[in-house]
$ cat final_14.cif   # mmCIF, C-alpha atoms
data_entry
#
loop_
_atom_site.label_atom_id
_atom_site.label_comp_id
_atom_site.auth_asym_id
_atom_site.auth_seq_id
_atom_site.Cartn_x
_atom_site.Cartn_y
_atom_site.Cartn_z
CA MET A 1 0.00 0.00 0.00
CA PRO A 2 1.38 3.49 -0.85
CA THR A 3 2.68 5.52 2.11
CA ALA A 4 -0.03 8.15 1.72
CA LEU A 5 -2.77 5.52 1.90
CA LEU A 6 -1.17 3.94 4.95
CA LEU A 7 -1.20 7.35 6.66
CA VAL A 8 -4.87 7.86 5.83
CA SER A 9 -5.63 4.34 7.07
CA SER A 10 -3.72 4.98 10.32
CA LEU A 11 -5.61 8.19 10.99
CA HIS A 12 -8.86 6.37 10.24
CA LEU A 13 -8.12 3.57 12.72
CA LEU A 14 -7.09 6.01 15.43
CA ALA A 15 -10.62 7.41 15.23
CA LEU A 16 -12.23 3.99 15.67
CA PRO A 17 -12.81 2.43 19.11
CA PRO A 18 -11.30 -0.97 19.96
CA LEU A 19 -13.47 -4.05 19.60
CA GLY A 20 -14.26 -6.64 22.24
CA PRO A 21 -12.87 -10.20 22.07
CA ALA A 22 -16.13 -11.40 20.53
CA LEU A 23 -16.20 -8.48 18.07
CA GLU A 24 -18.40 -6.44 20.38
CA GLY A 25 -18.83 -3.11 18.63
CA LEU A 26 -18.86 -4.55 15.09
CA GLU A 27 -22.25 -4.66 13.38
CA PRO A 28 -23.08 -8.19 12.13
CA PRO A 29 -24.62 -8.78 8.68
CA PHE A 30 -27.33 -11.05 10.14
CA LYS A 31 -28.91 -11.74 13.52
CA VAL A 32 -26.39 -13.50 15.78
CA GLU A 33 -27.53 -16.64 17.60
CA PHE A 34 -25.55 -18.34 20.36
CA MET A 35 -25.20 -21.97 21.48
CA PRO A 36 -23.85 -22.54 25.01
CA ALA A 37 -21.40 -25.37 25.66
CA ILE A 38 -18.89 -26.61 28.21
CA VAL A 39 -15.38 -27.25 26.89
CA GLU A 40 -12.63 -28.40 29.26
CA GLY A 41 -14.52 -26.89 32.16
CA HIS A 42 -15.02 -23.54 30.42
CA GLY A 43 -18.50 -22.21 29.80
CA VAL A 44 -18.42 -21.00 26.19
CA ARG A 45 -20.74 -19.68 23.50
CA ILE A 46 -20.67 -20.58 19.81
CA ALA A 47 -21.99 -17.75 17.66
CA TYR A 48 -23.74 -18.54 14.39
CA PHE A 49 -25.96 -17.10 11.68
CA ASP A 50 -29.04 -19.01 10.55
CA VAL A 51 -30.04 -17.35 7.29
CA ALA A 52 -33.51 -18.18 5.97
CA PRO A 53 -34.27 -18.48 2.25
CA THR A 54 -35.53 -15.27 0.62
CA ALA A 55 -37.00 -17.20 -2.32
CA PRO A 56 -39.25 -20.28 -2.32
CA LYS A 57 -37.53 -22.88 -0.11
CA ASN A 58 -35.79 -25.75 -1.85
CA GLY A 59 -35.54 -27.76 1.39
CA ARG A 60 -31.74 -27.75 1.40
CA THR A 61 -29.18 -26.23 3.76
CA VAL A 62 -25.64 -25.05 3.07
CA LEU A 63 -23.13 -24.99 5.94
CA LEU A 64 -20.30 -22.46 5.49
CA LEU A 65 -17.04 -22.79 7.44
CA HIS A 66 -14.75 -19.74 7.56
CA GLY A 67 -10.98 -19.46 7.33
CA LYS A 68 -8.34 -18.87 9.99
CA ASN A 69 -8.12 -15.09 9.62
CA PHE A 70 -11.79 -14.55 8.81
CA TRP A 71 -15.09 -15.32 10.53
CA GLY A 72 -18.71 -15.86 9.53
CA ASP A 73 -19.17 -12.32 8.21
CA SER A 74 -16.90 -13.22 5.29
CA PHE A 75 -19.76 -15.24 3.80
CA ALA A 76 -22.39 -12.49 3.99
CA LEU A 77 -22.65 -11.87 0.24
CA LEU A 78 -22.48 -15.57 -0.62
CA ALA A 79 -25.17 -16.36 1.97
CA ARG A 80 -27.49 -13.79 0.42
CA THR A 81 -26.96 -15.31 -3.02
CA LEU A 82 -27.72 -18.79 -1.72
CA ALA A 83 -30.79 -17.54 0.17
CA LYS A 84 -32.11 -16.04 -3.08
CA LYS A 85 -31.84 -19.52 -4.60
CA GLY A 86 -34.00 -21.01 -1.86
CA PHE A 87 -31.24 -22.38 0.39
CA ARG A 88 -31.12 -22.09 4.14
CA VAL A 89 -27.59 -21.10 5.19
CA VAL A 90 -25.93 -21.84 8.54
CA ILE A 91 -22.67 -20.04 9.31
CA PRO A 92 -20.93 -20.69 12.64
CA ASP A 93 -18.05 -18.73 14.08
CA GLU A 94 -15.87 -21.59 15.26
CA LEU A 95 -14.73 -21.66 18.87
CA GLY A 96 -11.81 -19.24 19.18
CA PHE A 97 -12.96 -17.09 16.26
CA GLY A 98 -15.23 -14.16 15.47
CA ARG A 99 -18.09 -13.66 17.91
CA SER A 100 -17.56 -17.02 19.64
CA SER A 101 -15.75 -17.46 22.94
CA LYS A 102 -11.96 -17.67 23.00
CA PRO A 103 -11.00 -20.00 25.86
CA ASP A 104 -7.44 -21.11 26.58
CA ILE A 105 -7.89 -24.82 25.75
CA HIS A 106 -6.51 -27.53 23.50
CA TYR A 107 -8.06 -26.81 20.11
CA SER A 108 -8.58 -29.63 17.63
CA PHE A 109 -10.45 -30.08 14.36
CA GLU A 110 -12.37 -32.91 16.01
CA LEU A 111 -13.57 -30.55 18.74
CA LEU A 112 -14.60 -27.87 16.26
CA ALA A 113 -16.38 -30.46 14.11
CA ARG A 114 -18.31 -31.76 17.11
CA LEU A 115 -19.37 -28.26 18.18
CA THR A 116 -20.39 -27.46 14.60
CA HIS A 117 -22.49 -30.62 14.48
CA ARG A 118 -24.16 -29.57 17.72
CA VAL A 119 -25.07 -26.25 16.10
CA LEU A 120 -26.78 -28.18 13.30
CA GLU A 121 -28.65 -30.28 15.84
CA ARG A 122 -29.70 -27.12 17.66
CA VAL A 123 -31.23 -25.61 14.52
CA GLY A 124 -32.81 -28.89 13.45
CA VAL A 125 -30.71 -29.60 10.34
CA ARG A 126 -29.76 -33.20 9.55
CA GLU A 127 -28.07 -32.88 6.15
CA VAL A 128 -26.00 -30.12 4.56
CA ALA A 129 -23.99 -29.23 1.54
CA LEU A 130 -20.72 -28.27 3.22
CA LEU A 131 -18.35 -25.51 2.07
CA GLY A 132 -15.05 -24.82 3.81
CA HIS A 133 -12.73 -21.94 2.96
CA SER A 134 -9.02 -21.94 3.89
CA MET A 135 -8.76 -23.40 7.43
CA GLY A 136 -12.47 -24.13 7.08
CA GLY A 137 -11.47 -26.56 4.35
CA MET A 138 -9.37 -28.53 6.83
CA LEU A 139 -12.29 -28.53 9.24
CA ALA A 140 -14.71 -29.52 6.45
CA VAL A 141 -12.57 -32.58 5.67
CA ARG A 142 -12.60 -33.62 9.31
CA PHE A 143 -16.37 -32.93 9.61
CA ALA A 144 -17.16 -34.98 6.49
CA LEU A 145 -15.17 -37.93 7.87
CA MET A 146 -16.72 -37.72 11.34
CA TYR A 147 -20.30 -37.17 10.15
CA PRO A 148 -20.57 -38.69 6.65
CA GLU A 149 -24.32 -39.14 7.04
CA ALA A 150 -24.73 -35.38 7.45
CA VAL A 151 -22.83 -34.26 4.32
CA THR A 152 -24.42 -34.57 0.88
CA GLN A 153 -21.80 -32.53 -1.01
CA LEU A 154 -18.44 -31.04 -0.11
CA VAL A 155 -16.87 -27.85 -1.48
CA LEU A 156 -13.27 -26.94 -0.62
CA GLU A 157 -12.33 -23.35 -1.46
CA ASP A 158 -8.57 -22.76 -1.42
CA PRO A 159 -8.22 -25.04 1.59
CA ILE A 160 -5.00 -24.77 3.51
CA GLY A 161 -3.46 -28.00 4.72
CA LEU A 162 -3.09 -29.50 1.23
CA GLU A 163 0.51 -30.08 2.31
CA ASP A 164 1.91 -31.16 5.68
CA TYR A 165 3.56 -27.99 6.99
CA ARG A 166 5.59 -29.97 9.50
CA ALA A 167 7.73 -31.30 6.65
CA LYS A 168 9.03 -27.86 5.64
CA VAL A 169 8.12 -25.23 8.25
CA PRO A 170 10.13 -25.08 11.50
CA TYR A 171 8.07 -25.83 14.60
CA ARG A 172 6.97 -22.84 16.67
CA THR A 173 5.68 -23.07 20.21
CA VAL A 174 2.30 -21.63 21.17
CA ASP A 175 4.17 -18.95 23.11
CA GLU A 176 6.08 -17.97 19.97
CA TRP A 177 2.86 -17.75 17.98
CA TYR A 178 1.34 -15.73 20.81
CA GLU A 179 4.18 -13.21 20.87
CA SER A 180 3.98 -12.77 17.12
CA GLN A 181 0.23 -12.10 17.35
CA LEU A 182 0.72 -9.54 20.14
CA SER A 183 3.34 -7.74 18.08
CA LEU A 184 1.15 -7.31 15.01
CA THR A 185 1.00 -3.73 13.78
CA GLU A 186 -1.61 -2.04 11.65
CA GLU A 187 0.78 -1.90 8.71
CA GLY A 188 1.81 -5.52 9.21
CA LEU A 189 -1.80 -6.67 9.24
CA HIS A 190 -2.55 -4.81 6.03
CA LYS A 191 0.40 -6.43 4.28
CA PHE A 192 -0.61 -9.83 5.64
CA TYR A 193 -4.16 -9.57 4.26
CA GLN A 194 -3.02 -8.04 0.98
CA ALA A 195 -1.00 -11.20 0.33
CA TYR A 196 -4.27 -13.14 0.17
CA PHE A 197 -5.39 -11.29 -2.95
CA ALA A 198 -4.12 -10.95 -6.48
CA HIS A 199 -5.95 -7.62 -6.78
CA TRP A 200 -6.55 -5.59 -3.62
CA ASP A 201 -9.87 -3.77 -3.20
CA GLU A 202 -10.61 -1.15 -0.55
CA THR A 203 -13.61 -3.20 0.63
CA TYR A 204 -11.15 -5.79 1.97
CA GLU A 205 -9.83 -3.24 4.48
CA VAL A 206 -12.54 -4.31 6.94
CA TRP A 207 -10.62 -7.51 7.79
CA PRO A 208 -7.23 -6.20 8.97
CA GLU A 209 -9.04 -3.23 10.51
CA ALA A 210 -11.28 -5.41 12.67
CA VAL A 211 -8.41 -7.66 13.77
CA PHE A 212 -6.29 -4.65 14.71
CA ARG A 213 -9.18 -3.17 16.73
CA GLN A 214 -9.66 -6.50 18.53
CA LEU A 215 -5.99 -6.71 19.47
CA GLU A 216 -6.10 -3.10 20.68
CA GLY A 217 -9.05 -3.89 22.95
CA ALA A 218 -8.91 -4.50 26.69
CA GLU A 219 -8.90 -8.27 26.09
CA GLY A 220 -6.57 -8.26 23.10
CA GLU A 221 -4.29 -10.76 24.84
CA ARG A 222 -7.11 -13.29 24.92
CA VAL A 223 -7.67 -12.82 21.19
CA ALA A 224 -3.94 -13.25 20.51
CA ARG A 225 -3.80 -16.39 22.66
CA ALA A 226 -6.71 -18.02 20.83
CA SER A 227 -5.08 -17.17 17.51
CA ALA A 228 -1.81 -18.73 18.65
CA LEU A 229 -3.54 -21.90 19.83
CA THR A 230 -5.39 -22.31 16.54
CA TYR A 231 -2.20 -21.76 14.54
CA ASP A 232 -0.73 -24.61 16.56
CA MET A 233 -3.81 -26.71 15.73
CA ILE A 234 -3.31 -26.15 11.99
CA TYR A 235 0.39 -26.94 12.14
CA THR A 236 0.19 -30.05 14.32
CA GLN A 237 -3.03 -31.60 12.95
CA PRO A 238 -2.67 -32.08 9.17
CA VAL A 239 -5.57 -33.48 7.15
CA VAL A 240 -3.93 -33.93 3.74
CA GLN A 241 -3.38 -37.62 4.46
CA ASP A 242 -7.14 -38.06 4.88
CA LEU A 243 -8.21 -36.75 1.47
CA PRO A 244 -8.36 -40.25 -0.11
CA ARG A 245 -10.84 -41.29 2.59
CA LEU A 246 -13.48 -38.78 1.53
CA ALA A 247 -16.55 -40.52 0.13
CA VAL A 248 -18.79 -37.59 -0.80
CA PRO A 249 -19.13 -35.68 -4.10
CA THR A 250 -16.45 -32.99 -3.85
CA LEU A 251 -15.78 -29.73 -5.66
CA LEU A 252 -12.36 -28.14 -5.23
CA ILE A 253 -12.11 -24.46 -6.22
CA VAL A 254 -8.71 -22.77 -6.16
CA GLY A 255 -7.34 -19.38 -7.15
CA LEU A 256 -4.19 -19.99 -9.16
CA ALA A 257 -2.48 -16.87 -7.78
CA ASP A 258 -2.79 -18.21 -4.22
CA ARG A 259 0.46 -18.90 -2.38
CA THR A 260 -0.90 -19.27 1.17
CA ALA A 261 0.92 -21.56 3.60
CA VAL A 262 0.91 -21.45 7.39
CA GLY A 263 4.29 -20.53 8.84
CA LYS A 264 5.74 -19.73 5.43
CA ALA A 265 7.41 -16.57 6.78
CA TYR A 266 9.44 -18.70 9.23
CA ALA A 267 10.77 -21.18 6.68
CA PRO A 268 14.11 -20.69 4.87
CA ARG A 269 13.63 -18.61 1.74
CA GLU A 270 14.41 -21.45 -0.65
CA VAL A 271 11.87 -23.64 1.15
CA ALA A 272 9.22 -20.93 1.46
CA GLU A 273 9.25 -20.51 -2.32
CA THR A 274 8.00 -24.09 -2.69
CA LEU A 275 5.10 -23.71 -0.24
CA GLY A 276 1.49 -22.83 -1.00
CA ASP A 277 1.66 -23.34 -4.76
CA TYR A 278 -2.00 -23.92 -5.57
CA ARG A 279 -1.26 -24.64 -9.22
CA VAL A 280 0.34 -27.83 -7.94
CA LEU A 281 -1.64 -28.37 -4.74
CA GLY A 282 -5.05 -28.13 -6.41
CA LYS A 283 -4.28 -30.83 -8.96
CA ARG A 284 -2.66 -33.04 -6.34
CA ALA A 285 -5.66 -32.76 -4.00
CA ALA A 286 -8.19 -33.37 -6.78
CA LYS A 287 -6.30 -36.53 -7.72
CA ALA A 288 -6.26 -37.70 -4.09
CA ILE A 289 -10.00 -37.15 -3.49
CA PRO A 290 -12.06 -39.87 -5.18
CA GLY A 291 -14.11 -38.39 -8.03
CA ALA A 292 -13.34 -34.78 -7.16
CA LYS A 293 -14.01 -31.97 -9.64
CA LEU A 294 -11.35 -29.25 -9.83
CA VAL A 295 -12.08 -25.66 -10.86
CA GLU A 296 -9.03 -23.42 -11.27
CA ILE A 297 -9.45 -19.64 -11.53
CA GLU A 298 -6.65 -17.64 -13.11
CA GLY A 299 -5.56 -14.33 -11.61
CA VAL A 300 -7.29 -14.96 -8.29
CA GLY A 301 -5.79 -15.40 -4.84
CA HIS A 302 -6.88 -17.07 -1.62
CA VAL A 303 -10.50 -15.88 -1.46
CA PRO A 304 -12.27 -16.59 -4.76
CA HIS A 305 -15.70 -15.88 -3.30
CA PHE A 306 -14.52 -12.26 -2.86
CA GLU A 307 -12.19 -11.80 -5.79
CA ALA A 308 -14.11 -13.76 -8.43
CA LYS A 309 -17.61 -13.60 -6.94
CA GLU A 310 -19.63 -14.26 -10.10
CA ARG A 311 -17.47 -17.13 -11.32
CA PHE A 312 -17.29 -18.69 -7.88
CA GLU A 313 -21.04 -18.53 -7.35
CA LYS A 314 -21.71 -19.90 -10.83
CA GLU A 315 -19.49 -22.93 -10.21
CA LEU A 316 -20.91 -23.48 -6.73
CA LEU A 317 -24.56 -23.33 -7.82
CA LEU A 318 -23.85 -25.61 -10.77
CA PHE A 319 -22.30 -28.15 -8.40
CA LEU A 320 -25.19 -27.84 -5.97
CA GLY A 321 -27.61 -28.42 -8.82
CA SER A 322 -29.34 -25.08 -8.49
#
$ encode --input "final_14.cif" --output "structure tokens"
Amino acid sequence: MPTALLLVSSLHLLALPPLGPALEGLEPPFKVEFMPAIVEGHGVRIAYFDVAPTAPKNGRTVLLLHGKNFWGDSFALLARTLAKKGFRVVIPDELGFGRSSKPDIHYSFELLARLTHRVLERVGVREVALLGHSMGGMLAVRFALMYPEAVTQLVLEDPIGLEDYRAKVPYRTVDEWYESQLSLTEEGLHKFYQAYFAHWDETYEVWPEAVFRQLEGAEGERVARASALTYDMIYTQPVVQDLPRLAVPTLLIVGLADRTAVGKAYAPREVAETLGDYRVLGKRAAKAIPGAKLVEIEGVGHVPHFEAKERFEKELLLFLGS
């Protein structure tokens, strides 16, 4: 970002109040519902959106799982499109993210999958078409394996974890992840999010802005700790080895300009250059998943449903049969 724009952005953020650990102070796109739970002795709340169809109901539900550095709000536009096609849409903020609680616990994809399934039980949904973006793709794989009877179709959008990071990225302790999260600056966050996109748009500013305001809040340390713990979850709990076990119709959508890989900044330069190459990873994953369909989008980064909205929605609706 040019220096002048960074200065304007800095002045803008200085005028904005900090946000609470559960994004208190940030207006949600839909009504927020909460599911209480007990996890390792902690009373927690799982936030979720339950978006009703705005066209004649087709009797189907789509479950959307967000990425590591996003939360349910990232699916607002997609949810509205699906609702206009008659779908019900359920969008949880996973434990440790967004408007959900951020306890200091051992996070696992199995735990998040179980809590997500409980959300579906709470709203009375038995079957879903499941879409996972980024980290949500890792979770979607685990969910589909744990609850195969609940998943009719699976969509993986630029999922991370298509390679085992432990093979190339040096291990970092939770404390090291925590310190790096506490030290994030406004400028650093902007650069971090800009790397997700092939073409930056000012509407994407809401993401680094909200994270910065959370970290600046009175409970910013809790937010940083949850982020560190979930980075550790991603690093230590790979799912790439489980792709051949998937037994559900699967669509894999990847932006060919994506080079996202967890911990890439901490790997030697010559190693980092080999990580997160979705031109290779997409084809490899599609080959590993029985019967998977691969859609590759040129000139698009890590978030196709933002950067190539019309193409992404077209491919998704075609796959869903709508």
$ residues_near_point --input "final_14.cif" --point "(-22.5, -33.4, 2.5)" --cutoff "9 Å" --atoms "all atoms listed in the file" --output "PyMOL selection string"
chain A and resi 62+127-131+144+147-155+248-250
$ residues_around --input "final_14.cif" --residues "region 302-318 of chain A" --least-positions-apart "2" --cutoff "10 Å" --atoms "only C-alpha atoms" --output "ChimeraX atom specification"
/A:67,74-75,77-78,81-82,85,131,133-134,155,157-160,193,195-201,203-204,251-260,278,295-300,320-322
$ closest_residue --input "final_14.cif" --among "A:Asp164, A:Glu94, A:Glu40, A:Asp242" --to "Arg118 (chain A)" --atoms "all atoms listed in the file"
A:Glu94
$ closest_residue --input "final_14.cif" --among "A:Thr61, A:Thr230, A:Asn69, A:Thr236" --to "Tyr165 (chain A)" --atoms "all atoms listed in the file"
A:Thr236
$ residues_around --input "final_14.cif" --residues "Glu24 (chain A)" --least-positions-apart "4" --cutoff "8 Å" --atoms "all atoms listed in the file" --output "list in words"
Leu19, Gly20 and Arg99 of chain A
$ write_last_selection --input "final_14.cif" --atoms "C-alpha atoms" --output "mmCIF file, in the frame of the given file"
data_model
loop_
_atom_site.group_PDB
_atom_site.id
_atom_site.type_symbol
_atom_site.label_atom_id
_atom_site.label_comp_id
_atom_site.auth_asym_id
_atom_site.auth_seq_id
_atom_site.Cartn_x
_atom_site.Cartn_y
_atom_site.Cartn_z
ATOM 1 C CA LEU A 19 -13.470 -4.050 19.600
ATOM 2 C CA GLY A 20 -14.260 -6.640 22.240
ATOM 3 C CA ARG A 99 -18.090 -13.660 17.910
#
$ resolve_selection --input "final_14.cif" --expression "the PyMOL selection byres ((chain A and resi 175-191) around 8)" --output "number ranges by chain"
A: 1, 6, 10, 172-174, 192-195, 205, 208-209, 212, 215, 220-221, 224-225, 227-229, 231-232
$ resolve_selection --input "final_14.cif" --expression "the PyMOL selection byres ((chain A and resi 140) around 8)" --output "PyMOL selection string"
chain A and resi 65+113+130-132+136-139+141-144+154+156
$ closest_residue --input "final_14.cif" --among "A:Leu162, A:Ala226, A:Val211, A:Ile234" --to "Ala286 (chain A)" --atoms "all atoms listed in the file"
A:Leu162
$ residues_around --input "final_14.cif" --residues "Thr274 (chain A)" --least-positions-apart "6" --cutoff "12 Å" --atoms "all atoms listed in the file" --output "ChimeraX atom specification"
/A:163,165,167-169,259-261,264,267-268,280-281
$ atom_distance --input "final_14.cif" --atom1 "CA of Val239 (chain A)" --atom2 "CA of Phe109 (chain A)"
9.3 Å
$ closest_residue --input "final_14.cif" --among "A:Lys31, A:His42, A:Arg245, A:Arg114" --to "Gly291 (chain A)" --atoms "all atoms listed in the file"
A:Arg245
$ closest_residue --input "final_14.cif" --among "A:Glu27, A:Glu216, A:Asp104, A:Asp93" --to "Val39 (chain A)" --atoms "all atoms listed in the file"
A:Asp104
$ atom_distance --input "final_14.cif" --atom1 "CA of Arg88 (chain A)" --atom2 "CA of Asp50 (chain A)"
7.4 Å
$ atom_distance --input "final_14.cif" --atom1 "CA of Pro238 (chain A)" --atom2 "CA of Gly161 (chain A)"
6.1 Å
$ closest_residue --input "final_14.cif" --among "A:Pro290, A:Pro170, A:Pro17, A:Pro92" --to "Val123 (chain A)" --atoms "only C-alpha atoms"
A:Pro92
$ axis_aligned_box --input "final_14.cif" --around "region 109-124 of chain A" --padding-each-side "5 Å" --output "AutoDock Vina command-line options"
--center_x -21.6 --center_y -29.3 --center_z 16.0 --size_x 32.4 --size_y 17.3 --size_z 15.4
$ decode --input "final_14.cif" --residues "region 143-160 of chain A" --atoms "N, CA and C atoms" --output "PDB file, in the first residue's frame"
ATOM      1  N   PHE A 143     -14.927 -32.815   9.374  1.00  0.00           N
ATOM      2  CA  PHE A 143     -16.367 -32.934   9.614  1.00  0.00           C
ATOM      3  C   PHE A 143     -16.966 -34.009   8.711  1.00  0.00           C
ATOM      4  N   ALA A 144     -16.598 -34.011   7.431  1.00  0.00           N
ATOM      5  CA  ALA A 144     -17.156 -34.981   6.493  1.00  0.00           C
ATOM      6  C   ALA A 144     -16.775 -36.409   6.858  1.00  0.00           C
ATOM      7  N   LEU A 145     -15.594 -36.596   7.452  1.00  0.00           N
ATOM      8  CA  LEU A 145     -15.170 -37.929   7.865  1.00  0.00           C
ATOM      9  C   LEU A 145     -15.841 -38.356   9.166  1.00  0.00           C
ATOM     10  N   MET A 146     -16.077 -37.392  10.059  1.00  0.00           N
ATOM     11  CA  MET A 146     -16.715 -37.722  11.337  1.00  0.00           C
ATOM     12  C   MET A 146     -18.223 -37.902  11.203  1.00  0.00           C
ATOM     13  N   TYR A 147     -18.840 -37.150  10.292  1.00  0.00           N
ATOM     14  CA  TYR A 147     -20.300 -37.168  10.147  1.00  0.00           C
ATOM     15  C   TYR A 147     -20.686 -37.364   8.684  1.00  0.00           C
ATOM     16  N   PRO A 148     -20.293 -38.485   8.084  1.00  0.00           N
ATOM     17  CA  PRO A 148     -20.570 -38.693   6.652  1.00  0.00           C
ATOM     18  C   PRO A 148     -22.061 -38.687   6.327  1.00  0.00           C
ATOM     19  N   GLU A 149     -22.884 -39.106   7.282  1.00  0.00           N
ATOM     20  CA  GLU A 149     -24.321 -39.144   7.036  1.00  0.00           C
ATOM     21  C   GLU A 149     -24.935 -37.750   6.957  1.00  0.00           C
ATOM     22  N   ALA A 150     -24.204 -36.738   7.418  1.00  0.00           N
ATOM     23  CA  ALA A 150     -24.732 -35.377   7.447  1.00  0.00           C
ATOM     24  C   ALA A 150     -24.319 -34.547   6.237  1.00  0.00           C
ATOM     25  N   VAL A 151     -23.393 -35.053   5.422  1.00  0.00           N
ATOM     26  CA  VAL A 151     -22.835 -34.264   4.321  1.00  0.00           C
ATOM     27  C   VAL A 151     -23.242 -34.867   2.981  1.00  0.00           C
ATOM     28  N   THR A 152     -23.996 -34.110   2.204  1.00  0.00           N
ATOM     29  CA  THR A 152     -24.422 -34.574   0.884  1.00  0.00           C
ATOM     30  C   THR A 152     -23.432 -34.186  -0.202  1.00  0.00           C
ATOM     31  N   GLN A 153     -22.779 -33.031  -0.048  1.00  0.00           N
ATOM     32  CA  GLN A 153     -21.799 -32.535  -1.008  1.00  0.00           C
ATOM     33  C   GLN A 153     -20.748 -31.737  -0.236  1.00  0.00           C
ATOM     34  N   LEU A 154     -19.533 -31.727  -0.774  1.00  0.00           N
ATOM     35  CA  LEU A 154     -18.435 -31.041  -0.113  1.00  0.00           C
ATOM     36  C   LEU A 154     -17.759 -30.091  -1.099  1.00  0.00           C
ATOM     37  N   VAL A 155     -17.561 -28.840  -0.666  1.00  0.00           N
ATOM     38  CA  VAL A 155     -16.869 -27.848  -1.476  1.00  0.00           C
ATOM     39  C   VAL A 155     -15.678 -27.336  -0.676  1.00  0.00           C
ATOM     40  N   LEU A 156     -14.492 -27.426  -1.257  1.00  0.00           N
ATOM     41  CA  LEU A 156     -13.273 -26.945  -0.619  1.00  0.00           C
ATOM     42  C   LEU A 156     -12.758 -25.755  -1.422  1.00  0.00           C
ATOM     43  N   GLU A 157     -12.767 -24.582  -0.797  1.00  0.00           N
ATOM     44  CA  GLU A 157     -12.330 -23.355  -1.456  1.00  0.00           C
ATOM     45  C   GLU A 157     -10.948 -22.953  -0.945  1.00  0.00           C
ATOM     46  N   ASP A 158      -9.944 -23.063  -1.807  1.00  0.00           N
ATOM     47  CA  ASP A 158      -8.569 -22.757  -1.415  1.00  0.00           C
ATOM     48  C   ASP A 158      -8.273 -23.250  -0.003  1.00  0.00           C
ATOM     49  N   PRO A 159      -8.488 -24.529   0.241  1.00  0.00           N
ATOM     50  CA  PRO A 159      -8.219 -25.037   1.589  1.00  0.00           C
ATOM     51  C   PRO A 159      -6.730 -25.001   1.885  1.00  0.00           C
ATOM     52  N   ILE A 160      -6.375 -24.580   3.087  1.00  0.00           N
ATOM     53  CA  ILE A 160      -4.999 -24.771   3.512  1.00  0.00           C
ATOM     54  C   ILE A 160      -4.866 -26.212   3.980  1.00  0.00           C
TER      55      ILE A 160
END
